[in-house]
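Enquirer: If it helps, the file is called start-v3.cif and holds mmCIF, C-alpha atoms:
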data_model
#
loop_
_atom_site.group_PDB
_atom_site.id
_atom_site.type_symbol
_atom_site.label_atom_id
_atom_site.label_comp_id
_atom_site.auth_asym_id
_atom_site.auth_seq_id
_atom_site.Cartn_x
_atom_site.Cartn_y
_atom_site.Cartn_z
ATOM 1 C CA MET A 1 78.039 157.238 103.753
ATOM 2 C CA LYS A 2 77.165 159.318 100.672
ATOM 3 C CA PHE A 3 77.089 163.056 100.055
ATOM 4 C CA LYS A 4 77.764 165.510 97.231
ATOM 5 C CA ILE A 5 80.373 168.262 96.829
ATOM 6 C CA PHE A 6 80.106 170.549 93.770
ATOM 7 C CA GLY A 7 77.982 167.951 91.992
ATOM 8 C CA THR A 8 80.418 165.085 92.686
ATOM 9 C CA GLN A 9 79.083 162.201 94.741
ATOM 10 C CA ILE A 10 81.415 161.186 97.579
ATOM 11 C CA TYR A 11 81.057 157.632 98.877
ATOM 12 C CA ILE A 12 82.947 156.486 101.981
ATOM 13 C CA SER A 13 82.612 152.780 102.684
ATOM 14 C CA PHE A 14 82.250 151.373 106.187
ATOM 15 C CA LEU A 15 85.284 149.138 105.612
ATOM 16 C CA PHE A 16 87.381 152.171 104.641
ATOM 17 C CA CYS A 17 86.511 153.818 107.981
ATOM 18 C CA ALA A 18 87.129 150.561 109.861
ATOM 19 C CA VAL A 19 90.560 150.046 108.257
ATOM 20 C CA LEU A 20 91.435 153.690 108.906
ATOM 21 C CA CYS A 21 90.498 153.424 112.592
ATOM 22 C CA PHE A 22 92.429 150.150 112.907
ATOM 23 C CA MET A 23 95.533 151.737 111.366
ATOM 24 C CA LEU A 24 95.323 154.719 113.722
ATOM 25 C CA VAL A 25 94.974 152.418 116.754
ATOM 26 C CA ILE A 26 97.942 150.153 115.911
ATOM 27 C CA ASP A 27 100.215 152.921 114.531
ATOM 28 C CA ARG A 28 103.368 153.240 116.634
ATOM 29 C CA THR A 29 105.361 155.223 114.083
ATOM 30 C CA GLY A 30 103.185 158.317 113.785
ATOM 31 C CA LEU A 31 103.212 157.930 109.993
ATOM 32 C CA VAL A 32 99.548 157.090 109.381
ATOM 33 C CA ILE A 33 98.233 160.675 109.555
ATOM 34 C CA PRO A 34 101.071 162.159 107.405
ATOM 35 C CA THR A 35 100.573 159.317 104.898
ATOM 36 C CA LEU A 36 96.831 159.987 104.733
ATOM 37 C CA PHE A 37 97.515 163.693 104.209
ATOM 38 C CA ALA A 38 100.009 162.898 101.421
ATOM 39 C CA ALA A 39 97.388 160.628 99.797
ATOM 40 C CA PHE A 40 94.809 163.426 100.119
ATOM 41 C CA ILE A 41 97.198 165.847 98.365
ATOM 42 C CA HIS A 42 97.808 163.236 95.662
ATOM 43 C CA GLU A 43 94.105 162.688 94.938
ATOM 44 C CA SER A 44 93.465 166.443 95.109
ATOM 45 C CA GLY A 45 96.036 166.851 92.319
ATOM 46 C CA HIS A 46 94.011 164.467 90.141
ATOM 47 C CA LEU A 47 90.715 166.168 90.981
ATOM 48 C CA LEU A 48 92.012 169.690 90.286
ATOM 49 C CA ALA A 49 93.400 168.499 86.934
ATOM 50 C CA MET A 50 90.032 166.940 86.083
ATOM 51 C CA TRP A 51 88.168 170.145 86.852
ATOM 52 C CA ALA A 52 90.763 172.127 84.856
ATOM 53 C CA ALA A 53 90.262 169.738 81.892
ATOM 54 C CA ASP A 54 86.486 170.257 82.156
ATOM 55 C CA CYS A 55 86.091 166.597 83.086
ATOM 56 C CA GLN A 56 84.305 166.853 86.411
ATOM 57 C CA PRO A 57 84.339 163.581 88.335
ATOM 58 C CA LYS A 58 80.975 161.896 88.636
ATOM 59 C CA ALA A 59 81.883 160.173 91.891
ATOM 60 C CA VAL A 60 84.751 159.581 94.318
ATOM 61 C CA ARG A 61 84.674 156.274 96.191
ATOM 62 C CA LEU A 62 86.849 155.684 99.256
ATOM 63 C CA ILE A 63 87.271 151.946 99.707
ATOM 64 C CA PRO A 64 89.869 150.005 101.762
ATOM 65 C CA THR A 65 92.210 149.266 98.846
ATOM 66 C CA SER A 66 92.085 152.570 96.955
ATOM 67 C CA VAL A 67 90.400 155.828 96.061
ATOM 68 C CA GLN A 68 88.319 155.386 92.906
ATOM 69 C CA ILE A 69 87.576 158.484 90.834
ATOM 70 C CA ILE A 70 84.735 157.876 88.389
ATOM 71 C CA ARG A 71 84.438 160.285 85.483
ATOM 72 C CA GLY A 72 81.246 161.175 83.685
ATOM 73 C CA PHE A 73 83.168 161.106 80.384
ATOM 74 C CA SER A 74 86.763 160.705 79.237
ATOM 75 C CA PRO A 75 88.979 163.657 78.331
ATOM 76 C CA LYS A 76 91.166 163.711 75.217
ATOM 77 C CA LYS A 77 94.370 161.652 75.383
ATOM 78 C CA HIS A 78 96.595 164.573 76.377
ATOM 79 C CA GLY A 79 94.097 165.459 79.113
ATOM 80 C CA GLU A 80 94.139 161.872 80.376
ATOM 81 C CA ALA A 81 97.937 161.959 80.676
ATOM 82 C CA ALA A 82 97.869 165.318 82.473
ATOM 83 C CA ILE A 83 95.243 164.046 84.922
ATOM 84 C CA ALA A 84 97.318 160.920 85.659
ATOM 85 C CA PHE A 85 100.513 162.942 86.132
ATOM 86 C CA CYS A 86 99.018 165.658 88.364
ATOM 87 C CA GLY A 87 98.624 163.316 91.370
ATOM 88 C CA PRO A 88 102.345 162.493 91.665
ATOM 89 C CA MET A 89 103.159 166.079 90.642
ATOM 90 C CA ALA A 90 101.208 167.397 93.652
ATOM 91 C CA ASN A 91 103.318 165.172 95.923
ATOM 92 C CA LEU A 92 106.533 166.315 94.219
ATOM 93 C CA VAL A 93 105.590 169.978 94.709
ATOM 94 C CA LEU A 94 104.899 169.278 98.394
ATOM 95 C CA PHE A 95 108.224 167.405 98.636
ATOM 96 C CA VAL A 96 110.120 170.445 97.302
ATOM 97 C CA ALA A 97 108.283 172.812 99.679
ATOM 98 C CA LEU A 98 108.894 170.585 102.718
ATOM 99 C CA TYR A 99 112.525 169.941 101.800
ATOM 100 C CA ALA A 100 113.068 173.701 101.484
ATOM 101 C CA ASN A 101 111.470 174.065 104.928
ATOM 102 C CA PHE A 102 113.863 171.441 106.314
ATOM 103 C CA PHE A 103 116.842 173.109 104.610
ATOM 104 C CA ILE A 104 115.957 176.449 106.251
ATOM 105 C CA SER A 105 114.708 175.314 109.670
ATOM 106 C CA GLN A 106 116.392 171.872 110.090
ATOM 107 C CA ASN A 107 112.976 170.530 111.153
ATOM 108 C CA GLU A 108 113.255 166.710 111.115
ATOM 109 C CA GLN A 109 109.471 166.275 110.819
ATOM 110 C CA ALA A 110 109.470 168.360 107.640
ATOM 111 C CA LEU A 111 112.211 166.115 106.219
ATOM 112 C CA ASN A 112 110.315 162.918 107.091
ATOM 113 C CA PHE A 113 107.120 164.237 105.532
ATOM 114 C CA ALA A 114 109.072 165.419 102.459
ATOM 115 C CA ILE A 115 110.552 161.927 101.970
ATOM 116 C CA LEU A 116 107.108 160.360 102.443
ATOM 117 C CA ASN A 117 105.697 162.530 99.625
ATOM 118 C CA LEU A 118 108.661 161.706 97.382
ATOM 119 C CA VAL A 119 108.207 157.958 97.971
ATOM 120 C CA LEU A 120 104.457 158.211 97.282
ATOM 121 C CA ALA A 121 105.104 160.118 94.031
ATOM 122 C CA ILE A 122 107.754 157.634 92.833
ATOM 123 C CA PHE A 123 105.611 154.617 93.784
ATOM 124 C CA ASN A 124 102.613 156.000 91.873
ATOM 125 C CA LEU A 125 104.794 156.600 88.794
ATOM 126 C CA LEU A 126 105.718 152.897 88.566
ATOM 127 C CA PRO A 127 104.599 151.654 85.124
ATOM 128 C CA VAL A 128 102.058 149.149 86.465
ATOM 129 C CA SER A 129 98.285 148.685 86.338
ATOM 130 C CA GLY A 130 96.331 150.488 89.026
ATOM 131 C CA LEU A 131 98.907 153.267 89.387
ATOM 132 C CA ASP A 132 99.374 156.549 87.538
ATOM 133 C CA GLY A 133 102.554 155.326 85.858
ATOM 134 C CA GLY A 134 100.562 152.456 84.372
ATOM 135 C CA THR A 135 98.005 154.877 82.945
ATOM 136 C CA LEU A 136 100.799 156.980 81.429
ATOM 137 C CA LEU A 137 102.486 153.887 79.958
ATOM 138 C CA ALA A 138 99.188 152.644 78.463
ATOM 139 C CA ILE A 139 98.605 156.053 76.832
ATOM 140 C CA PHE A 140 102.168 156.030 75.452
ATOM 141 C CA LEU A 141 101.902 152.450 74.136
ATOM 142 C CA SER A 142 98.505 153.109 72.542
ATOM 143 C CA LYS A 143 100.226 155.570 70.174
ATOM 144 C CA PHE A 144 102.132 152.643 68.624
ATOM 145 C CA THR A 145 99.647 149.804 68.962
ATOM 146 C CA ASP A 146 95.976 149.196 69.726
ATOM 147 C CA ILE A 147 94.681 149.642 73.274
ATOM 148 C CA TYR A 148 94.248 145.870 73.830
ATOM 149 C CA LYS A 149 97.904 145.118 73.082
ATOM 150 C CA ALA A 150 98.942 148.091 75.221
ATOM 151 C CA GLU A 151 96.909 146.727 78.155
ATOM 152 C CA SER A 152 98.379 143.220 77.649
ATOM 153 C CA ILE A 153 101.922 144.640 77.768
ATOM 154 C CA LEU A 154 100.990 146.618 80.881
ATOM 155 C CA ARG A 155 99.616 143.482 82.576
ATOM 156 C CA ILE A 156 102.848 141.568 81.860
ATOM 157 C CA ILE A 157 104.950 144.414 83.303
ATOM 158 C CA THR A 158 102.679 144.593 86.359
ATOM 159 C CA VAL A 159 102.966 140.854 87.078
ATOM 160 C CA ALA A 160 106.771 141.142 86.675
ATOM 161 C CA PHE A 161 106.841 143.956 89.250
ATOM 162 C CA ALA A 162 104.629 141.847 91.553
ATOM 163 C CA PHE A 163 107.090 138.940 91.243
ATOM 164 C CA ILE A 164 110.045 141.236 92.008
ATOM 165 C CA ALA A 165 108.218 142.653 95.052
ATOM 166 C CA PHE A 166 107.434 139.109 96.241
ATOM 167 C CA LEU A 167 111.096 138.052 95.875
ATOM 168 C CA LEU A 168 112.150 141.181 97.788
ATOM 169 C CA GLY A 169 109.693 140.265 100.542
ATOM 170 C CA VAL A 170 111.104 136.730 100.734
ATOM 171 C CA TYR A 171 114.673 138.082 100.818
ATOM 172 C CA LEU A 172 113.795 140.447 103.675
ATOM 173 C CA TRP A 173 112.066 137.595 105.507
ATOM 174 C CA VAL A 174 115.083 135.284 105.152
ATOM 175 C CA SER A 175 117.442 138.064 106.260
ATOM 176 C CA LYS A 176 115.312 138.568 109.431
ATOM 177 C CA SER A 177 114.062 142.003 108.264
ATOM 178 C CA VAL A 178 110.437 141.013 107.672
ATOM 179 C CA ASN A 179 108.379 143.768 106.067
ATOM 180 C CA ILE A 180 104.747 142.742 105.579
ATOM 181 C CA SER A 181 104.036 145.847 103.475
ATOM 182 C CA VAL A 182 106.281 144.468 100.685
ATOM 183 C CA PHE A 183 104.089 141.330 100.487
ATOM 184 C CA ILE A 184 100.956 143.508 100.510
ATOM 185 C CA VAL A 185 102.363 145.527 97.584
ATOM 186 C CA ALA A 186 103.210 142.266 95.752
ATOM 187 C CA ILE A 187 99.659 140.954 96.222
ATOM 188 C CA TYR A 188 98.140 144.290 95.157
ATOM 189 C CA LEU A 189 100.268 144.372 91.990
ATOM 190 C CA ALA A 190 99.502 140.730 91.191
ATOM 191 C CA VAL A 191 95.751 141.366 91.503
ATOM 192 C CA CYS A 192 96.022 144.519 89.328
ATOM 193 C CA GLY A 193 98.075 142.636 86.756
ATOM 194 C CA MET A 194 95.701 139.696 86.471
ATOM 195 C CA ALA A 195 92.483 141.724 86.579
ATOM 196 C CA LYS A 196 90.885 142.286 83.188
ATOM 197 C CA LYS A 197 89.423 145.710 82.456
#
Once more with this new file: its structure as structure tokens, please.

Expert:
Amino acid sequence: MKFKIFGTQIYISFLFCAVLCFMLVIDRTGLVIPTLFAAFIHESGHLLAMWAADCQPKAVRLIPTSVQIIRGFSPKKHGEAAIAFCGPMANLVLFVALYANFFISQNEQALNFAILNLVLAIFNLLPVSGLDGGTLLAIFLSKFTDIYKAESILRIITVAFAFIAFLLGVYLWVSKSVNISVFIVAIYLAVCGMAKK
């Protein structure tokens, strides 16, 4: 499905919708909808920063593994860093607001949603390829070396994180606390680390 909003083409793949429906059907925790909302806030942070930096996105693609934001042109380096940081920042702002709500009202749902936003922000700030932290690290490293060396360093760090996530998954499996999502994260990081831009 394709349509345009303010000149930006929005593409939603069939597989994205299928995976979303599947997740909603099998969800027994009630976390899928809050997680999707937190992800929406995160991506909105990026988009607002792009519009503020006069770098309107050319297209936004919703696919099963991620949300791809395609720019018509690249902003200056400081703009690139601000755009990368504004996604996690949006989640951190929501975390503070929800935690304040919990502190005042003792609403457990507000606390759970606050923690979810905090986890999403911290995860996206990991210094690995495919995440905002990786973009920030690449920008930082490119100040001291060329972009190719910076990307090579980033790939090595990403594969190391993938290996750590895999070992954590194995440890949880052996200790009878199997968590499939840890293996999914390990595979995602390994693919990001080995993929060449």

Enquirer: Could you work out how far atom CA of Ala186 of chain A lies from atom CA of Ala49 of chain A, giving the answer in Å with one decimal?

Expert: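 Atom CA of Ala186 of chain A lies 29.4 Å from atom CA of Ala49 of chain A.
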
Enquirer: Name the residues that the PyMOL selection byres ((chain A and resi 121) around 12) pulls out of this structure, and write them as a PyMOL selection string.

Expert: chain A and resi 35+38-39+41-43+45+84-96+114-120+122-126+131-133

Enquirer: Could the residues in this selection be written to a file with C-alpha atoms, as an mmCIF file, keeping the file's coordinate frame?

Expert:
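After the write, selection-v2.cif holds the following:
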data_model
loop_
_atom_site.group_PDB
_atom_site.id
_atom_site.type_symbol
_atom_site.label_atom_id
_atom_site.label_comp_id
_atom_site.auth_asym_id
_atom_site.auth_seq_id
_atom_site.Cartn_x
_atom_site.Cartn_y
_atom_site.Cartn_z
ATOM 1 C CA THR A 35 100.573 159.317 104.898
ATOM 2 C CA ALA A 38 100.009 162.898 101.421
ATOM 3 C CA ALA A 39 97.388 160.628 99.797
ATOM 4 C CA ILE A 41 97.198 165.847 98.365
ATOM 5 C CA HIS A 42 97.808 163.236 95.662
ATOM 6 C CA GLU A 43 94.105 162.688 94.938
ATOM 7 C CA GLY A 45 96.036 166.851 92.319
ATOM 8 C CA ALA A 84 97.318 160.920 85.659
ATOM 9 C CA PHE A 85 100.513 162.942 86.132
ATOM 10 C CA CYS A 86 99.018 165.658 88.364
ATOM 11 C CA GLY A 87 98.624 163.316 91.370
ATOM 12 C CA PRO A 88 102.345 162.493 91.665
ATOM 13 C CA MET A 89 103.159 166.079 90.642
ATOM 14 C CA ALA A 90 101.208 167.397 93.652
ATOM 15 C CA ASN A 91 103.318 165.172 95.923
ATOM 16 C CA LEU A 92 106.533 166.315 94.219
ATOM 17 C CA VAL A 93 105.590 169.978 94.709
ATOM 18 C CA LEU A 94 104.899 169.278 98.394
ATOM 19 C CA PHE A 95 108.224 167.405 98.636
ATOM 20 C CA VAL A 96 110.120 170.445 97.302
ATOM 21 C CA ALA A 114 109.072 165.419 102.459
ATOM 22 C CA ILE A 115 110.552 161.927 101.970
ATOM 23 C CA LEU A 116 107.108 160.360 102.443
ATOM 24 C CA ASN A 117 105.697 162.530 99.625
ATOM 25 C CA LEU A 118 108.661 161.706 97.382
ATOM 26 C CA VAL A 119 108.207 157.958 97.971
ATOM 27 C CA LEU A 120 104.457 158.211 97.282
ATOM 28 C CA ILE A 122 107.754 157.634 92.833
ATOM 29 C CA PHE A 123 105.611 154.617 93.784
ATOM 30 C CA ASN A 124 102.613 156.000 91.873
ATOM 31 C CA LEU A 125 104.794 156.600 88.794
ATOM 32 C CA LEU A 126 105.718 152.897 88.566
ATOM 33 C CA LEU A 131 98.907 153.267 89.387
ATOM 34 C CA ASP A 132 99.374 156.549 87.538
ATOM 35 C CA GLY A 133 102.554 155.326 85.858
#

Enquirer: Evaluating the PyMOL selection byres ((chain A and resi 111) around 10) on the displayed file yields which residues, as a list in words?

Expert: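 Taken over the shown coordinates, the PyMOL selection byres ((chain A and resi 111) around 10) returns Phe95, Leu98, Tyr99, Ala100, Asn101, Phe102, Phe103, Gln106, Asn107, Glu108, Gln109, Ala110, Asn112, Phe113, Ala114, Ile115, Leu116 and Asn117 of chain A.
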
Enquirer: For atom CA of Ile26 of chain A and atom CA of Ile180 of chain A, quote the distance in Å rounded to one decimal.

Expert: 14.4 Å

Enquirer: Which residue is closest to Arg155 of chain A? Choose from A:Ala190, A:Trp173, A:Ala53, A:Glu80 and count all atoms listed in the file.

Expert: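 Once distances to Arg155 of chain A are computed over all atoms listed in the file, the minimum belongs to A:Ala190.
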
Enquirer: Measuring atom to atom with all atoms listed in the file, identify which of A:Ala165, A:Met1, A:Ile10, A:Cys192 is nearest to Gln68 of chain A.

Expert: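 Once distances to Gln68 of chain A are computed over all atoms listed in the file, the minimum belongs to A:Ile10.
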
Enquirer: Would you work out the distance separating atom CA of Gly7 of chain A from atom CA of Leu20 of chain A, expressed in Å to one decimal?

Expert: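 Here the two named atoms are 25.9 Å from each other.
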
Enquirer: Nearest residue to Gln56 of chain A out of A:Ile156, A:Ala138, A:Ile33, A:Ile70, using all atoms listed in the file?

Expert: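 Nearest candidate to Gln56 of chain A out of A:Ile156, A:Ala138, A:Ile33, A:Ile70: A:Ile70.
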
Enquirer: Enumerate, as a ChimeraX atom specification, the residues matched when the PyMOL selection byres ((chain A and resi 140-142) around 12) is run on the file above.

Expert: /A:77-78,80-81,127,133-139,143-154

Enquirer: Would you be able to write out as number ranges by chain which residues have an atom within 12 Å of (86.2, 149.7, 102.8) in the file's coordinates, counting only C-alpha atoms?

Expert: A: 1, 11-22, 61-68

Enquirer: Can I get the selected residues back with C-alpha atoms, as a PDB file, keeping the file's coordinate frame?

Expert:
ATOM      1  CA  MET A   1      78.039 157.238 103.753  1.00  0.00           C
ATOM      2  CA  TYR A  11      81.057 157.632  98.877  1.00  0.00           C
ATOM      3  CA  ILE A  12      82.947 156.486 101.981  1.00  0.00           C
ATOM      4  CA  SER A  13      82.612 152.780 102.684  1.00  0.00           C
ATOM      5  CA  PHE A  14      82.250 151.373 106.187  1.00  0.00           C
ATOM      6  CA  LEU A  15      85.284 149.138 105.612  1.00  0.00           C
ATOM      7  CA  PHE A  16      87.381 152.171 104.641  1.00  0.00           C
ATOM      8  CA  CYS A  17      86.511 153.818 107.981  1.00  0.00           C
ATOM      9  CA  ALA A  18      87.129 150.561 109.861  1.00  0.00           C
ATOM     10  CA  VAL A  19      90.560 150.046 108.257  1.00  0.00           C
ATOM     11  CA  LEU A  20      91.435 153.690 108.906  1.00  0.00           C
ATOM     12  CA  CYS A  21      90.498 153.424 112.592  1.00  0.00           C
ATOM     13  CA  PHE A  22      92.429 150.150 112.907  1.00  0.00           C
ATOM     14  CA  ARG A  61      84.674 156.274  96.191  1.00  0.00           C
ATOM     15  CA  LEU A  62      86.849 155.684  99.256  1.00  0.00           C
ATOM     16  CA  ILE A  63      87.271 151.946  99.707  1.00  0.00           C
ATOM     17  CA  PRO A  64      89.869 150.005 101.762  1.00  0.00           C
ATOM     18  CA  THR A  65      92.210 149.266  98.846  1.00  0.00           C
ATOM     19  CA  SER A  66      92.085 152.570  96.955  1.00  0.00           C
ATOM     20  CA  VAL A  67      90.400 155.828  96.061  1.00  0.00           C
ATOM     21  CA  GLN A  68      88.319 155.386  92.906  1.00  0.00           C
TER      22      GLN A  68
END

Enquirer: What would segment 88-111 of chain A look like with N, CA and C atoms in place, written as a PDB file, keeping the file's coordinate frame?

Expert:
ATOM      1  N   PRO A  88     100.950 162.514  91.219  1.00  0.00           N
ATOM      2  CA  PRO A  88     102.345 162.493  91.665  1.00  0.00           C
ATOM      3  C   PRO A  88     102.978 163.878  91.674  1.00  0.00           C
ATOM      4  N   MET A  89     102.592 164.731  90.706  1.00  0.00           N
ATOM      5  CA  MET A  89     103.159 166.079  90.642  1.00  0.00           C
ATOM      6  C   MET A  89     102.826 166.869  91.904  1.00  0.00           C
ATOM      7  N   ALA A  90     101.602 166.705  92.419  1.00  0.00           N
ATOM      8  CA  ALA A  90     101.208 167.397  93.652  1.00  0.00           C
ATOM      9  C   ALA A  90     102.103 166.970  94.807  1.00  0.00           C
ATOM     10  N   ASN A  91     102.419 165.660  94.878  1.00  0.00           N
ATOM     11  CA  ASN A  91     103.318 165.172  95.923  1.00  0.00           C
ATOM     12  C   ASN A  91     104.738 165.688  95.738  1.00  0.00           C
ATOM     13  N   LEU A  92     105.187 165.796  94.482  1.00  0.00           N
ATOM     14  CA  LEU A  92     106.533 166.315  94.219  1.00  0.00           C
ATOM     15  C   LEU A  92     106.647 167.788  94.592  1.00  0.00           C
ATOM     16  N   VAL A  93     105.597 168.557  94.322  1.00  0.00           N
ATOM     17  CA  VAL A  93     105.590 169.978  94.709  1.00  0.00           C
ATOM     18  C   VAL A  93     105.660 170.103  96.225  1.00  0.00           C
ATOM     19  N   LEU A  94     104.874 169.253  96.927  1.00  0.00           N
ATOM     20  CA  LEU A  94     104.899 169.278  98.394  1.00  0.00           C
ATOM     21  C   LEU A  94     106.259 168.831  98.918  1.00  0.00           C
ATOM     22  N   PHE A  95     106.885 167.851  98.258  1.00  0.00           N
ATOM     23  CA  PHE A  95     108.224 167.405  98.636  1.00  0.00           C
ATOM     24  C   PHE A  95     109.216 168.568  98.574  1.00  0.00           C
ATOM     25  N   VAL A  96     109.193 169.313  97.474  1.00  0.00           N
ATOM     26  CA  VAL A  96     110.120 170.445  97.302  1.00  0.00           C
ATOM     27  C   VAL A  96     109.885 171.492  98.391  1.00  0.00           C
ATOM     28  N   ALA A  97     108.606 171.805  98.656  1.00  0.00           N
ATOM     29  CA  ALA A  97     108.283 172.812  99.679  1.00  0.00           C
ATOM     30  C   ALA A  97     108.749 172.368 101.066  1.00  0.00           C
ATOM     31  N   LEU A  98     108.506 171.102 101.400  1.00  0.00           N
ATOM     32  CA  LEU A  98     108.894 170.585 102.718  1.00  0.00           C
ATOM     33  C   LEU A  98     110.410 170.443 102.849  1.00  0.00           C
ATOM     34  N   TYR A  99     111.065 170.058 101.748  1.00  0.00           N
ATOM     35  CA  TYR A  99     112.525 169.941 101.800  1.00  0.00           C
ATOM     36  C   TYR A  99     113.159 171.322 101.960  1.00  0.00           C
ATOM     37  N   ALA A 100     112.589 172.321 101.313  1.00  0.00           N
ATOM     38  CA  ALA A 100     113.068 173.701 101.484  1.00  0.00           C
ATOM     39  C   ALA A 100     112.872 174.142 102.930  1.00  0.00           C
ATOM     40  N   ASN A 101     111.733 173.744 103.517  1.00  0.00           N
ATOM     41  CA  ASN A 101     111.470 174.065 104.928  1.00  0.00           C
ATOM     42  C   ASN A 101     112.515 173.420 105.824  1.00  0.00           C
ATOM     43  N   PHE A 102     112.840 172.140 105.531  1.00  0.00           N
ATOM     44  CA  PHE A 102     113.863 171.441 106.314  1.00  0.00           C
ATOM     45  C   PHE A 102     115.225 172.115 106.144  1.00  0.00           C
ATOM     46  N   PHE A 103     115.556 172.491 104.909  1.00  0.00           N
ATOM     47  CA  PHE A 103     116.842 173.109 104.610  1.00  0.00           C
ATOM     48  C   PHE A 103     117.019 174.417 105.386  1.00  0.00           C
ATOM     49  N   ILE A 104     115.907 175.163 105.554  1.00  0.00           N
ATOM     50  CA  ILE A 104     115.957 176.449 106.251  1.00  0.00           C
ATOM     51  C   ILE A 104     115.903 176.273 107.763  1.00  0.00           C
ATOM     52  N   SER A 105     114.971 175.405 108.225  1.00  0.00           N
ATOM     53  CA  SER A 105     114.708 175.314 109.670  1.00  0.00           C
ATOM     54  C   SER A 105     115.329 174.099 110.352  1.00  0.00           C
ATOM     55  N   GLN A 106     115.853 173.130 109.551  1.00  0.00           N
ATOM     56  CA  GLN A 106     116.392 171.872 110.090  1.00  0.00           C
ATOM     57  C   GLN A 106     115.335 171.107 110.904  1.00  0.00           C
ATOM     58  N   ASN A 107     114.082 171.218 110.492  1.00  0.00           N
ATOM     59  CA  ASN A 107     112.976 170.530 111.153  1.00  0.00           C
ATOM     60  C   ASN A 107     112.919 169.092 110.630  1.00  0.00           C
ATOM     61  N   GLU A 108     113.210 168.119 111.518  1.00  0.00           N
ATOM     62  CA  GLU A 108     113.255 166.710 111.115  1.00  0.00           C
ATOM     63  C   GLU A 108     111.893 166.204 110.639  1.00  0.00           C
ATOM     64  N   GLN A 109     110.809 166.703 111.239  1.00  0.00           N
ATOM     65  CA  GLN A 109     109.471 166.275 110.819  1.00  0.00           C
ATOM     66  C   GLN A 109     109.190 166.693 109.379  1.00  0.00           C
ATOM     67  N   ALA A 110     109.647 167.886 109.015  1.00  0.00           N
ATOM     68  CA  ALA A 110     109.470 168.360 107.640  1.00  0.00           C
ATOM     69  C   ALA A 110     110.222 167.449 106.676  1.00  0.00           C
ATOM     70  N   LEU A 111     111.422 167.012 107.059  1.00  0.00           N
ATOM     71  CA  LEU A 111     112.211 166.115 106.219  1.00  0.00           C
ATOM     72  C   LEU A 111     111.512 164.771 106.049  1.00  0.00           C
TER      73      LEU A 111
END
